[in-house]
Each structure stands twice: as C-alpha cells, then as structure tokens.
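**Q** As input, take structure-v5.cif (mmCIF, C-alpha atoms and all ligand atoms):
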```
data_structure
#
loop_
_atom_site.group_PDB
_atom_site.id
_atom_site.type_symbol
_atom_site.label_atom_id
_atom_site.label_comp_id
_atom_site.auth_asym_id
_atom_site.auth_seq_id
_atom_site.Cartn_x
_atom_site.Cartn_y
_atom_site.Cartn_z
ATOM 1 C CA MET J 189 107.384 4.994 249.288
ATOM 2 C CA LYS J 190 108.511 2.703 246.549
ATOM 3 C CA LYS J 191 112.097 3.119 245.512
ATOM 4 C CA PHE J 192 112.687 3.640 241.810
ATOM 5 C CA THR J 193 116.041 2.812 240.327
ATOM 6 C CA ILE J 194 116.936 2.892 236.688
ATOM 7 C CA TYR J 195 118.040 -0.475 235.428
ATOM 8 C CA LEU J 196 121.359 -0.411 233.632
ATOM 9 C CA ALA J 197 122.343 -3.246 231.366
ATOM 10 C CA GLY J 198 125.684 -5.013 231.603
ATOM 11 C CA ASP J 199 128.372 -2.821 233.097
ATOM 12 C CA GLY J 200 126.182 0.251 233.242
ATOM 13 C CA LEU J 201 125.455 1.694 229.812
ATOM 14 C CA PRO J 202 121.802 1.899 228.792
ATOM 15 C CA HIS J 203 122.729 2.636 225.173
ATOM 16 C CA MET J 204 124.142 0.426 222.486
ATOM 17 C CA LYS J 205 127.777 -0.386 223.015
ATOM 18 C CA LYS J 206 130.650 -0.596 220.591
ATOM 19 C CA GLN J 207 130.395 -4.393 220.702
ATOM 20 C CA ASP J 208 126.700 -4.237 219.781
ATOM 21 C CA ILE J 209 127.436 -2.138 216.715
ATOM 22 C CA PHE J 210 130.265 -4.501 215.782
ATOM 23 C CA LEU J 211 127.890 -7.476 216.113
ATOM 24 C CA ILE J 212 125.334 -5.807 213.812
ATOM 25 C CA PHE J 213 128.071 -4.993 211.312
ATOM 26 C CA ILE J 214 129.381 -8.590 211.286
ATOM 27 C CA ILE J 215 125.870 -10.015 210.753
ATOM 28 C CA LEU J 216 125.208 -7.617 207.854
ATOM 29 C CA VAL J 217 128.573 -8.460 206.251
ATOM 30 C CA ILE J 218 127.905 -12.209 206.506
ATOM 31 C CA ALA J 219 124.405 -11.725 205.056
ATOM 32 C CA ALA J 220 125.749 -9.617 202.177
ATOM 33 C CA CYS J 221 128.500 -12.160 201.421
ATOM 34 C CA ALA J 222 126.045 -15.065 201.508
ATOM 35 C CA TYR J 223 123.688 -13.170 199.219
ATOM 36 C CA CYS J 224 126.433 -12.343 196.733
ATOM 37 C CA ALA J 225 127.915 -15.836 196.883
ATOM 38 C CA HIS J 226 124.504 -17.287 196.138
ATOM 39 C CA TYR J 227 124.064 -15.168 193.036
ATOM 40 C CA TYR J 228 127.643 -15.616 191.943
ATOM 41 C CA ILE J 229 127.425 -19.402 192.105
ATOM 42 C CA ALA J 230 123.864 -19.760 190.842
ATOM 43 C CA PRO J 231 122.696 -18.253 187.562
ATOM 44 C CA PRO J 232 119.833 -15.832 188.180
ATOM 45 C CA GLU J 233 117.187 -17.609 186.126
ATOM 46 C CA GLY J 234 116.047 -21.178 186.605
ATOM 47 C CA ASN J 235 115.034 -22.970 183.431
ATOM 48 C CA TYR J 236 113.191 -25.854 185.034
ATOM 49 C CA VAL J 237 111.174 -26.683 188.089
ATOM 50 C CA GLU J 238 111.887 -29.888 189.884
ATOM 51 C CA VAL J 239 109.005 -31.412 191.806
ATOM 52 C CA LYS J 240 109.904 -33.635 194.747
ATOM 53 C CA VAL J 241 107.504 -35.600 196.904
ATOM 54 C CA ASP J 242 108.951 -36.947 200.155
ATOM 55 C CA GLY J 243 112.453 -36.428 198.765
ATOM 56 C CA VAL J 244 111.809 -38.344 195.539
ATOM 57 C CA ILE J 245 111.804 -36.451 192.222
ATOM 58 C CA GLU J 246 108.368 -36.774 190.653
ATOM 59 C CA GLY J 247 109.171 -34.740 187.573
ATOM 60 C CA THR J 248 111.088 -31.875 186.005
ATOM 61 C CA TYR J 249 109.173 -29.328 183.965
ATOM 62 C CA SER J 250 110.275 -26.497 181.720
ATOM 63 C CA LEU J 251 109.463 -22.998 182.919
ATOM 64 C CA SER J 252 109.140 -21.780 179.337
ATOM 65 C CA GLU J 253 106.067 -23.899 178.752
ATOM 66 C CA ASP J 254 102.790 -22.768 180.301
ATOM 67 C CA GLN J 255 101.179 -25.711 182.021
ATOM 68 C CA GLU J 256 99.372 -27.015 185.065
ATOM 69 C CA ILE J 257 100.955 -29.890 186.937
ATOM 70 C CA VAL J 258 99.076 -32.221 189.234
ATOM 71 C CA ILE J 259 101.426 -33.295 192.023
ATOM 72 C CA ASN J 260 101.349 -36.290 194.348
ATOM 73 C CA GLY J 261 98.177 -37.742 192.865
ATOM 74 C CA GLY J 262 96.257 -34.502 193.285
ATOM 75 C CA THR J 263 97.232 -33.130 196.707
ATOM 76 C CA ASN J 264 98.851 -30.097 195.079
ATOM 77 C CA VAL J 265 98.495 -28.317 191.737
ATOM 78 C CA LEU J 266 101.317 -26.205 190.333
ATOM 79 C CA LYS J 267 100.819 -23.661 187.571
ATOM 80 C CA ILE J 268 103.576 -22.500 185.243
ATOM 81 C CA GLU J 269 102.896 -19.253 183.424
ATOM 82 C CA ASP J 270 105.193 -16.637 181.861
ATOM 83 C CA GLY J 271 108.291 -18.402 183.170
ATOM 84 C CA LYS J 272 107.012 -18.402 186.729
ATOM 85 C CA ALA J 273 105.723 -21.253 188.850
ATOM 86 C CA LYS J 274 103.051 -20.927 191.505
ATOM 87 C CA MET J 275 101.163 -23.388 193.687
ATOM 88 C CA ILE J 276 97.518 -22.752 192.902
ATOM 89 C CA GLU J 277 95.837 -25.573 194.785
ATOM 90 C CA ALA J 278 96.614 -27.710 197.813
ATOM 91 C CA ASP J 279 94.618 -29.827 200.222
ATOM 92 C CA CYS J 280 96.935 -29.110 203.162
ATOM 93 C CA PRO J 281 95.325 -27.536 206.240
ATOM 94 C CA ASP J 282 97.713 -24.561 206.492
ATOM 95 C CA GLN J 283 97.608 -23.464 202.816
ATOM 96 C CA LEU J 284 101.027 -21.874 203.322
ATOM 97 C CA CYS J 285 102.316 -23.169 199.986
ATOM 98 C CA VAL J 286 99.426 -21.567 198.107
ATOM 99 C CA HIS J 287 100.231 -18.232 199.736
ATOM 100 C CA GLN J 288 103.923 -18.404 198.871
ATOM 101 C CA LYS J 289 104.971 -16.085 196.089
ATOM 102 C CA GLU J 290 105.625 -17.383 192.589
ATOM 103 C CA ILE J 291 109.145 -18.577 191.827
ATOM 104 C CA SER J 292 111.374 -18.091 188.801
ATOM 105 C CA ALA J 293 114.965 -17.422 189.936
ATOM 106 C CA ALA J 294 117.322 -20.361 190.346
ATOM 107 C CA HIS J 295 117.103 -22.228 193.649
ATOM 108 C CA GLU J 296 113.897 -20.614 194.780
ATOM 109 C CA SER J 297 111.382 -23.022 196.164
ATOM 110 C CA ILE J 298 107.785 -23.538 197.168
ATOM 111 C CA ILE J 299 107.392 -25.972 200.000
ATOM 112 C CA CYS J 300 104.305 -27.747 201.266
ATOM 113 C CA LEU J 301 105.386 -29.323 204.540
ATOM 114 C CA PRO J 302 102.202 -31.277 205.345
ATOM 115 C CA ASN J 303 102.217 -32.992 201.926
ATOM 116 C CA LYS J 304 106.041 -33.216 201.821
ATOM 117 C CA VAL J 305 106.045 -31.500 198.418
ATOM 118 C CA VAL J 306 109.041 -29.403 197.359
ATOM 119 C CA VAL J 307 108.982 -27.436 194.104
ATOM 120 C CA GLN J 308 112.326 -25.939 193.228
ATOM 121 C CA THR J 309 113.716 -24.067 190.264
ATOM 122 C CA VAL J 310 116.852 -25.588 188.772
ATOM 123 C CA THR J 311 119.064 -24.698 185.845
ATOM 124 C CA GLY J 312 119.511 -26.759 182.708
ATOM 125 C CA ASN J 313 122.739 -28.489 183.698
ATOM 126 C CA GLU J 314 121.436 -29.464 187.120
ATOM 127 C CA SER J 315 118.311 -31.225 185.945
ATOM 128 C CA GLY J 316 119.202 -34.504 184.314
ATOM 129 C CA ILE J 317 117.685 -34.622 180.837
ATOM 130 C CA ASP J 318 116.760 -38.253 181.573
ATOM 131 C CA ALA J 319 114.480 -37.083 184.349
ATOM 132 C CA MET J 320 112.586 -34.813 181.959
ATOM 133 C CA THR J 321 108.891 -35.492 181.729
ATOM 134 C CA ASN J 322 106.374 -33.259 180.099
ATOM 135 C CA MET H 68 109.497 -18.125 247.229
ATOM 136 C CA LYS H 69 105.773 -17.821 246.577
ATOM 137 C CA THR H 70 106.169 -14.647 244.541
ATOM 138 C CA LYS H 71 108.925 -16.277 242.492
ATOM 139 C CA VAL H 72 106.557 -19.037 241.375
ATOM 140 C CA GLY H 73 103.944 -16.390 240.650
ATOM 141 C CA TYR H 74 106.292 -14.356 238.481
ATOM 142 C CA TYR H 75 107.373 -17.494 236.654
ATOM 143 C CA GLY H 76 103.732 -18.162 235.826
ATOM 144 C CA ILE H 77 103.274 -14.603 234.561
ATOM 145 C CA PHE H 78 106.380 -14.819 232.371
ATOM 146 C CA LEU H 79 105.173 -18.103 230.894
ATOM 147 C CA THR H 80 101.677 -16.741 230.271
ATOM 148 C CA LEU H 81 103.029 -13.632 228.555
ATOM 149 C CA ALA H 82 105.299 -15.776 226.380
ATOM 150 C CA LEU H 83 102.316 -17.949 225.416
ATOM 151 C CA ILE H 84 100.212 -14.914 224.524
ATOM 152 C CA LEU H 85 103.025 -13.584 222.308
ATOM 153 C CA SER H 86 103.331 -16.996 220.636
ATOM 154 C CA TYR H 87 99.608 -16.862 219.952
ATOM 155 C CA VAL H 88 99.824 -13.345 218.511
ATOM 156 C CA GLU H 89 102.706 -14.513 216.340
ATOM 157 C CA SER H 90 100.704 -17.487 215.061
ATOM 158 C CA LEU H 91 98.036 -15.013 213.891
ATOM 159 C CA LEU H 92 100.494 -12.834 211.961
ATOM 160 C CA PRO H 93 100.522 -13.664 208.264
ATOM 161 C CA ILE H 94 104.215 -12.760 207.909
ATOM 162 C CA GLN H 95 106.120 -15.275 205.811
ATOM 163 C CA ILE H 96 109.885 -15.242 205.688
ATOM 164 C CA GLY H 97 110.367 -17.838 203.006
ATOM 165 C CA ILE H 98 110.290 -21.227 204.629
ATOM 166 C CA PRO H 99 106.900 -22.301 205.948
ATOM 167 C CA GLY H 100 106.958 -22.857 209.686
ATOM 168 C CA VAL H 101 109.779 -20.403 210.329
ATOM 169 C CA LYS H 102 108.640 -17.820 212.869
ATOM 170 C CA LEU H 103 109.883 -14.332 213.616
ATOM 171 C CA GLY H 104 110.352 -15.103 217.299
ATOM 172 C CA LEU H 105 108.322 -12.362 218.979
ATOM 173 C CA ALA H 106 107.895 -14.563 222.044
ATOM 174 C CA ASN H 107 111.638 -14.161 222.494
ATOM 175 C CA LEU H 108 110.818 -10.808 224.114
ATOM 176 C CA VAL H 109 109.830 -12.613 227.299
ATOM 177 C CA CYS H 110 112.983 -14.733 227.194
ATOM 178 C CA VAL H 111 115.180 -11.638 226.846
ATOM 179 C CA VAL H 112 113.497 -9.984 229.835
ATOM 180 C CA ALA H 113 113.642 -13.245 231.811
ATOM 181 C CA LEU H 114 117.356 -13.521 231.048
ATOM 182 C CA TYR H 115 117.995 -10.477 233.221
ATOM 183 C CA LYS H 116 115.605 -11.559 235.933
ATOM 184 C CA MET H 117 116.133 -15.287 236.377
ATOM 185 C CA ARG H 118 118.909 -17.842 236.455
ATOM 186 C CA GLY H 119 119.975 -19.183 233.074
ATOM 187 C CA LYS H 120 118.617 -22.660 233.760
ATOM 188 C CA GLU H 121 115.166 -21.236 234.479
ATOM 189 C CA VAL H 122 115.152 -19.249 231.230
ATOM 190 C CA VAL H 123 115.978 -22.414 229.258
ATOM 191 C CA ILE H 124 113.093 -24.256 230.932
ATOM 192 C CA LEU H 125 110.778 -21.279 230.321
ATOM 193 C CA ALA H 126 111.655 -21.279 226.608
ATOM 194 C CA ILE H 127 111.118 -25.046 226.248
ATOM 195 C CA ILE H 128 107.774 -25.082 228.109
ATOM 196 C CA ARG H 129 106.597 -22.097 226.059
ATOM 197 C CA VAL H 130 107.332 -23.820 222.733
ATOM 198 C CA LEU H 131 105.741 -27.113 223.833
ATOM 199 C CA LEU H 132 102.562 -25.474 225.161
ATOM 200 C CA ALA H 133 102.212 -23.133 222.184
ATOM 201 C CA GLY H 134 102.782 -26.071 219.813
ATOM 202 C CA PHE H 135 100.120 -28.231 221.457
ATOM 203 C CA ILE H 136 97.559 -25.430 221.776
ATOM 204 C CA PHE H 137 97.745 -23.593 218.442
ATOM 205 C CA GLY H 138 100.596 -25.085 216.483
ATOM 206 C CA ASN H 139 101.514 -28.416 215.021
ATOM 207 C CA TYR H 140 104.277 -30.981 214.945
ATOM 208 C CA PHE H 141 106.456 -28.748 212.758
ATOM 209 C CA SER H 142 106.037 -25.637 214.860
ATOM 210 C CA ILE H 143 107.258 -27.596 217.892
ATOM 211 C CA ILE H 144 110.398 -28.840 216.126
ATOM 212 C CA TYR H 145 111.170 -25.471 214.521
ATOM 213 C CA GLY H 146 110.308 -23.669 217.732
ATOM 214 C CA LEU H 147 112.473 -25.864 219.950
ATOM 215 C CA ALA H 148 115.506 -25.584 217.681
ATOM 216 C CA GLY H 149 115.144 -21.806 217.460
ATOM 217 C CA ALA H 150 114.324 -21.184 221.113
ATOM 218 C CA ILE H 151 116.984 -23.448 222.628
ATOM 219 C CA LEU H 152 119.791 -22.187 220.384
ATOM 220 C CA SER H 153 118.861 -18.553 220.925
ATOM 221 C CA VAL H 154 118.581 -18.912 224.717
ATOM 222 C CA PHE H 155 122.013 -20.541 224.975
ATOM 223 C CA VAL H 156 123.625 -17.935 222.709
ATOM 224 C CA MET H 157 122.022 -15.121 224.731
ATOM 225 C CA ILE H 158 123.110 -16.616 228.058
ATOM 226 C CA GLY H 159 126.653 -16.863 226.697
ATOM 227 C CA LEU H 160 126.742 -13.292 225.386
ATOM 228 C CA LYS H 161 125.190 -11.850 228.526
ATOM 229 C CA LYS H 162 127.848 -13.578 230.651
ATOM 230 C CA THR H 163 130.582 -11.666 228.800
ATOM 231 C CA GLU H 164 128.957 -8.422 230.058
ATOM 232 C CA LYS H 165 130.240 -6.753 226.901
ATOM 233 C CA PHE H 166 126.864 -6.387 225.193
ATOM 234 C CA SER H 167 123.820 -4.300 226.058
ATOM 235 C CA VAL H 168 120.278 -5.690 226.076
ATOM 236 C CA PRO H 169 119.653 -4.948 222.353
ATOM 237 C CA GLY H 170 122.974 -6.574 221.436
ATOM 238 C CA VAL H 171 122.173 -9.756 223.361
ATOM 239 C CA SER H 172 118.696 -9.756 221.823
ATOM 240 C CA ILE H 173 120.057 -9.372 218.286
ATOM 241 C CA ALA H 174 122.296 -12.403 218.786
ATOM 242 C CA GLY H 175 119.234 -14.223 220.115
ATOM 243 C CA GLY H 176 117.095 -13.247 217.117
ATOM 244 C CA VAL H 177 119.734 -14.312 214.611
ATOM 245 C CA SER H 178 120.462 -17.635 216.334
ATOM 246 C CA HIS H 179 116.726 -18.242 216.668
ATOM 247 C CA ASN H 180 116.418 -18.095 212.886
ATOM 248 C CA MET H 181 119.593 -20.116 212.331
ATOM 249 C CA GLY H 182 118.246 -22.882 214.594
ATOM 250 C CA GLN H 183 115.095 -23.012 212.487
ATOM 251 C CA LEU H 184 117.094 -22.987 209.258
ATOM 252 C CA ILE H 185 119.144 -25.974 210.439
ATOM 253 C CA VAL H 186 115.901 -27.875 211.088
ATOM 254 C CA ALA H 187 114.566 -26.826 207.676
ATOM 255 C CA VAL H 188 117.644 -28.315 206.005
ATOM 256 C CA PHE H 189 116.750 -31.683 207.554
ATOM 257 C CA VAL H 190 112.960 -31.461 207.162
ATOM 258 C CA VAL H 191 112.860 -30.169 203.608
ATOM 259 C CA GLN H 192 116.045 -31.957 202.541
ATOM 260 C CA THR H 193 117.046 -29.552 199.833
ATOM 261 C CA TYR H 194 120.006 -27.247 199.526
ATOM 262 C CA SER H 195 117.684 -24.459 198.388
ATOM 263 C CA VAL H 196 117.079 -23.461 202.002
ATOM 264 C CA GLY H 197 120.555 -21.908 201.770
ATOM 265 C CA TYR H 198 118.846 -19.311 199.612
ATOM 266 C CA TYR H 199 117.075 -18.071 202.723
ATOM 267 C CA PHE H 200 120.227 -17.848 204.853
ATOM 268 C CA PRO H 201 120.892 -14.108 204.247
ATOM 269 C CA VAL H 202 117.172 -13.327 204.483
ATOM 270 C CA LEU H 203 116.890 -15.064 207.835
ATOM 271 C CA LEU H 204 120.075 -13.384 209.106
ATOM 272 C CA VAL H 205 118.720 -9.912 208.399
ATOM 273 C CA ALA H 206 115.210 -10.796 209.627
ATOM 274 C CA GLY H 207 116.712 -12.071 212.888
ATOM 275 C CA LEU H 208 118.767 -8.917 213.208
ATOM 276 C CA VAL H 209 115.740 -6.643 212.789
ATOM 277 C CA THR H 210 113.400 -8.579 215.109
ATOM 278 C CA GLY H 211 116.213 -9.008 217.630
ATOM 279 C CA LEU H 212 116.893 -5.275 217.644
ATOM 280 C CA LEU H 213 113.208 -4.366 218.072
ATOM 281 C CA ILE H 214 112.759 -6.954 220.820
ATOM 282 C CA GLY H 215 115.950 -5.731 222.507
ATOM 283 C CA ILE H 216 114.765 -2.114 222.567
ATOM 284 C CA CYS H 217 111.384 -3.198 224.011
ATOM 285 C CA ALA H 218 113.067 -5.473 226.566
ATOM 286 C CA ASN H 219 115.394 -2.666 227.625
ATOM 287 C CA GLU H 220 112.416 -0.381 228.291
ATOM 288 C CA ILE H 221 110.539 -3.110 230.163
ATOM 289 C CA LEU H 222 113.602 -3.888 232.297
ATOM 290 C CA LYS H 223 113.894 -0.231 233.305
ATOM 291 C CA ARG H 224 110.367 -0.422 234.679
ATOM 292 C CA ILE H 225 110.497 -3.701 236.557
ATOM 293 C CA THR H 226 113.590 -3.178 238.636
ATOM 294 C CA HIS H 227 111.765 -4.393 241.754
ATOM 295 C CA ILE H 228 111.412 -7.901 240.321
ATOM 296 C CA ASN H 229 114.343 -10.148 241.059
ATOM 297 C CA MET H 230 114.049 -13.899 240.786
ATOM 298 C CA LYS H 231 117.709 -14.756 241.033
ATOM 299 C CA ASN H 232 117.685 -15.614 244.727
HETATM 300 ZN ZN ZN J 401 100.636 -26.782 201.492
#
```
Would you kindly transcribe this structure into structure tokens?

**A**
Amino acid sequence: MKKFTIYLAGDGLPHMKKQDIFLIFIILVIAACAYCAHYYIAPPEGNYVEVKVDGVIEGTYSLSEDQEIVINGGTNVLKIEDGKAKMIEADCPDQLCVHQKEISAAHESIICLPNKVVVQTVTGNESGIDAMTN
Amino acid sequence: MKTKVGYYGIFLTLALILSYVESLLPIQIGIPGVKLGLANLVCVVALYKMRGKEVVILAIIRVLLAGFIFGNYFSIIYGLAGAILSVFVMIGLKKTEKFSVPGVSIAGGVSHNMGQLIVAVFVVQTYSVGYYFPVLLVAGLVTGLLIGICANEILKRITHINMKN
C-alpha cells in the first residue's frame, strides 16, 4: 500500500496566508502608483513619433500628418494615419513589430529588436524642432 | 541517487515543453521578447522538491536549451535575466516560511518580469519601457498566482518525490 499524505506548504497552511494577500496588495499599489505617475508626468497624447535606429534618431514625424515612412533604408515601413502610428512592413524574421498595436499616446513605442528600430511617440517639447524632418 | 537524476531529467524536460508551448502562444505584453513565464511552473514545483542550488541550475539550463532550440539570442538574454532573478527571489521568500506556494510564485512571476524589463532598458535603450512597468507588474502577479495554484495542486499529488537528500 502506498502511503498518501497531503502536502502542506510552509508552516502548514494550504491556503493563502495573510502575508500572501499583503504581497498582492503591495504589488497592486505599486502598479497603480506607477501607472498614475506615468500619466501625471506625461501628457496623454504624443504629437510626434521619433524613429531611432540602433539608438540614433533617424527622424521625427508629426502624428497629425498622414504619411508612410521608410525606415533604415527599407527594413521597416511605418504608417501614420488619423494620429496613430503603426508598423506596416518589416523584413525581420519574427514580425513582432508588425503585430504590435498602433501607438498614439505619449511614450508608447513600437520596437523591432532584430532591426534595432525603435518608434516612440513624444510630445512637442521633447522633440527638438531642429531634428524635425518631413 | 539514480532516481534523483531521473527526476531531474523529467523536471528539465517538462520545463522545456512548457517553454515550447509558451513560444507558440501569440500573447504580447508590450515589449517584444518578454515572456509570460509559464515554464516557471516547473521551477516553483522544483523549489519544494530540490535544493536551491539545483533549482537555479535547472532554470539556467532550461533557458539555454529553449533558447538554442526554438528561441534566439534575445530570448536567451531576456530568459536568463527573468529566470535567475525570479528563482533567487523565490528561494529567499520560501526560506522565510511566511508565504504559501501561490505567494512565493507571485513574487517569482513579478520578479521574472522585472528581470526582463531591466534587460529591455539596456537592449532597447529608451525610457519608454518604463511605460510597461505597471503592465508587467500586474501580468507577473496574474501568471504567478495561476502558476502558484497549479504548483500547489501538483505538490499535493507528488508527496512521494523528495530530491533533497
Ligand atoms: Zn520587426
């Protein structure tokens, strides 16, 4: 006969403990604070998208102007429409960037790791007007 | 001794299978390369069945093998950062004996995502990854809780396995 014993975690309680609930609470509070802080510091709408290739800014484009942007000599194509930016083409093997959702709020980003392309929404004061190219 | 090696092999195989399943899931939590950490289930179970050192080695081998077989360079770096941080946090919390299996697993899930976020900050080199901080916290909490509940049920049913001696 095989002996069956019920496994009890830690000091013997199979259910969630007070400390577990406290841990969950702390994590949720931190997440809520971080979320609020982000929106408090950053304005909700980004006016521009900044395109970076391998950490170098390739261009800054207005979100209010519908356009298609060829990035990194053609590895990626970004489309701006109705104030939203979306990666519509990429030659990367994973195609993760193409499947990422469109961005419009400040500090959202689309990232293509294989091609080292980062597209990020920025607000007017952050994007240097000198860097503007259209 | 023989059975211990055998169990270790089974744990590793199960972890690899879960990594594979995870690589098939189309779930995206913002930053490309960041994984939910389903394979952590095996690590949580192993935590209560093996010595800490062995769990760390299990986690590292799992990430390396999964990365070479069906991942890439990025999945290895993200995976290692997430797995190592989460295993150490879980070992630490378990030692306090103040948390139940789901609690330990939640801490593991959250630290798993934080490890990956730290790597993302360096890889992507943009402060915008901070945008995903709350998202990854909550995602880690939810996956950690689910994994913890599963691990708790599994542990109840494998009481005869003990690899600590
Ligand atoms: Zn891509």

**Q** For the file shown, report as number ranges by chain the outcome of the PyMOL selection byres (((chain J and resi 252) around 7) and not hetatm) at residue level.

**A** J: 250-251, 253-254, 270-271

**Q** Could you produce a table of the residues of chain J lying within 7 Å of ligand ZN 401 (chain J), with the nearest pair of atoms per residue and their separation in Å rounded to one decimal, using only C-alpha atoms and all ligand atoms, ordered by chain and increasing residue number, as JSON lines?

**A**
```
{"residue": "J:Ala278", "atom": "CA", "partner": "J:ZN401", "partner_atom": "ZN", "distance": 5.5}
{"residue": "J:Asp279", "atom": "CA", "partner": "J:ZN401", "partner_atom": "ZN", "distance": 6.9}
{"residue": "J:Cys280", "atom": "CA", "partner": "J:ZN401", "partner_atom": "ZN", "distance": 4.7}
{"residue": "J:Asp282", "atom": "CA", "partner": "J:ZN401", "partner_atom": "ZN", "distance": 6.2}
{"residue": "J:Gln283", "atom": "CA", "partner": "J:ZN401", "partner_atom": "ZN", "distance": 4.7}
{"residue": "J:Leu284", "atom": "CA", "partner": "J:ZN401", "partner_atom": "ZN", "distance": 5.3}
{"residue": "J:Cys285", "atom": "CA", "partner": "J:ZN401", "partner_atom": "ZN", "distance": 4.3}
{"residue": "J:Val286", "atom": "CA", "partner": "J:ZN401", "partner_atom": "ZN", "distance": 6.3}
{"residue": "J:Ile299", "atom": "CA", "partner": "J:ZN401", "partner_atom": "ZN", "distance": 7.0}
{"residue": "J:Cys300", "atom": "CA", "partner": "J:ZN401", "partner_atom": "ZN", "distance": 3.8}
{"residue": "J:Leu301", "atom": "CA", "partner": "J:ZN401", "partner_atom": "ZN", "distance": 6.2}
{"residue": "J:Pro302", "atom": "CA", "partner": "J:ZN401", "partner_atom": "ZN", "distance": 6.1}
{"residue": "J:Asn303", "atom": "CA", "partner": "J:ZN401", "partner_atom": "ZN", "distance": 6.4}
```

**Q** With C-alpha atoms retained, export the selected residues as a tab-separated table (two decimals), keeping the file's coordinate frame.

**A**
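For reference, result12.tsv as written:
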```
chain	number	residue	atom	x	y	z
J	278	ALA	CA	96.61	-27.71	197.81
J	279	ASP	CA	94.62	-29.83	200.22
J	280	CYS	CA	96.94	-29.11	203.16
J	282	ASP	CA	97.71	-24.56	206.49
J	283	GLN	CA	97.61	-23.46	202.82
J	284	LEU	CA	101.03	-21.87	203.32
J	285	CYS	CA	102.32	-23.17	199.99
J	286	VAL	CA	99.43	-21.57	198.11
J	299	ILE	CA	107.39	-25.97	200.00
J	300	CYS	CA	104.30	-27.75	201.27
J	301	LEU	CA	105.39	-29.32	204.54
J	302	PRO	CA	102.20	-31.28	205.34
J	303	ASN	CA	102.22	-32.99	201.93
```

**Q** With distances taken over all atoms listed in the file, which residue among H:Leu91, H:Leu83, H:Ala150, H:Ile225 lies nearest chain J?

**A**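 Selected residue with least distance to chain J: H:Ile225.
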
**Q** If you measure from CA of Ile173 in chain H to CA of Thr226 in chain H, what distance in Å do you get, rounded to one decimal?

**A**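 Answer for the CA of Ile173 in chain H to CA of Thr226 in chain H separation: 22.2 Å.
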
**Q** Of the candidates J:Cys221, J:Asn235, J:Val305, J:Tyr227, which shows the shortest atom-to-atom distance to Gly262 in chain J, using only C-alpha atoms?

**A**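 Answer, going by the shortest atom-to-atom distance: J:Val305.
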
**Q** I'd like to see the residues matched by the PyMOL selection byres (((chain H and resi 107-112) around 6) and not hetatm) on this file, and ideally I'd get them as a VMD selection string.

**A** chain H and resid 82 104 to 106 113 to 115 214 218

**Q** Generate a file of the selected residues that holds C-alpha atoms, formatted as a compact mmCIF listing (two decimals), in the frame of the given file.

**A**
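The result, stored in result21.txt:
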```txt
# COMPACT_ATOMS: atom_id res chain seq x y z
CA ALA H 82 105.30 -15.78 226.38
CA GLY H 104 110.35 -15.10 217.30
CA LEU H 105 108.32 -12.36 218.98
CA ALA H 106 107.90 -14.56 222.04
CA ALA H 113 113.64 -13.24 231.81
CA LEU H 114 117.36 -13.52 231.05
CA TYR H 115 118.00 -10.48 233.22
CA ILE H 214 112.76 -6.95 220.82
CA ALA H 218 113.07 -5.47 226.57
```

**Q** Work out how far CA of Leu208 in chain H is from CA of Val177 in chain H, in Å to one decimal.

**A**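 A separation of 5.7 Å between them.
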
**Q** Quick one: which residues end up in the PyMOL selection byres ((chain H) within 6 of (chain J and not hetatm)) for this structure, as an MDAnalysis selection string?

**A** chainID H and resid 164 166:167 170 195 201 223

**Q** Kindly compute an axis-aligned box around the listed atoms of range 182-190 of chain H, allowing 6 Å on each side, and express its centre and edge lengths in Å to one decimal as lines of an AutoDock Vina configuration file.

**A**
```
center_x = 116.1
center_y = -27.3
center_z = 210.3
size_x = 18.2
size_y = 20.8
size_z = 20.6
```

**Q** Between CA of Ser172 in chain H and CA of Ile143 in chain H, what is the distance, to one decimal in Å?

**A**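 Computing it gives 21.6 Å between the two atoms.
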
**Q** Return the single residue from H:Gly119, H:Phe137, H:Pro169, H:Ala187 that is closest to Val154 in chain H, with distances computed using all atoms listed in the file.

**A**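 Among H:Gly119, H:Phe137, H:Pro169, H:Ala187, it is H:Gly119 that comes nearest to Val154 in chain H.
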
**Q** Nearest residue to Ala148 in chain H out of H:Ser178, H:Val171, H:Gln183, H:Val190, using all atoms listed in the file?

**A**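 Smallest distance to Ala148 in chain H is found for H:Gln183.
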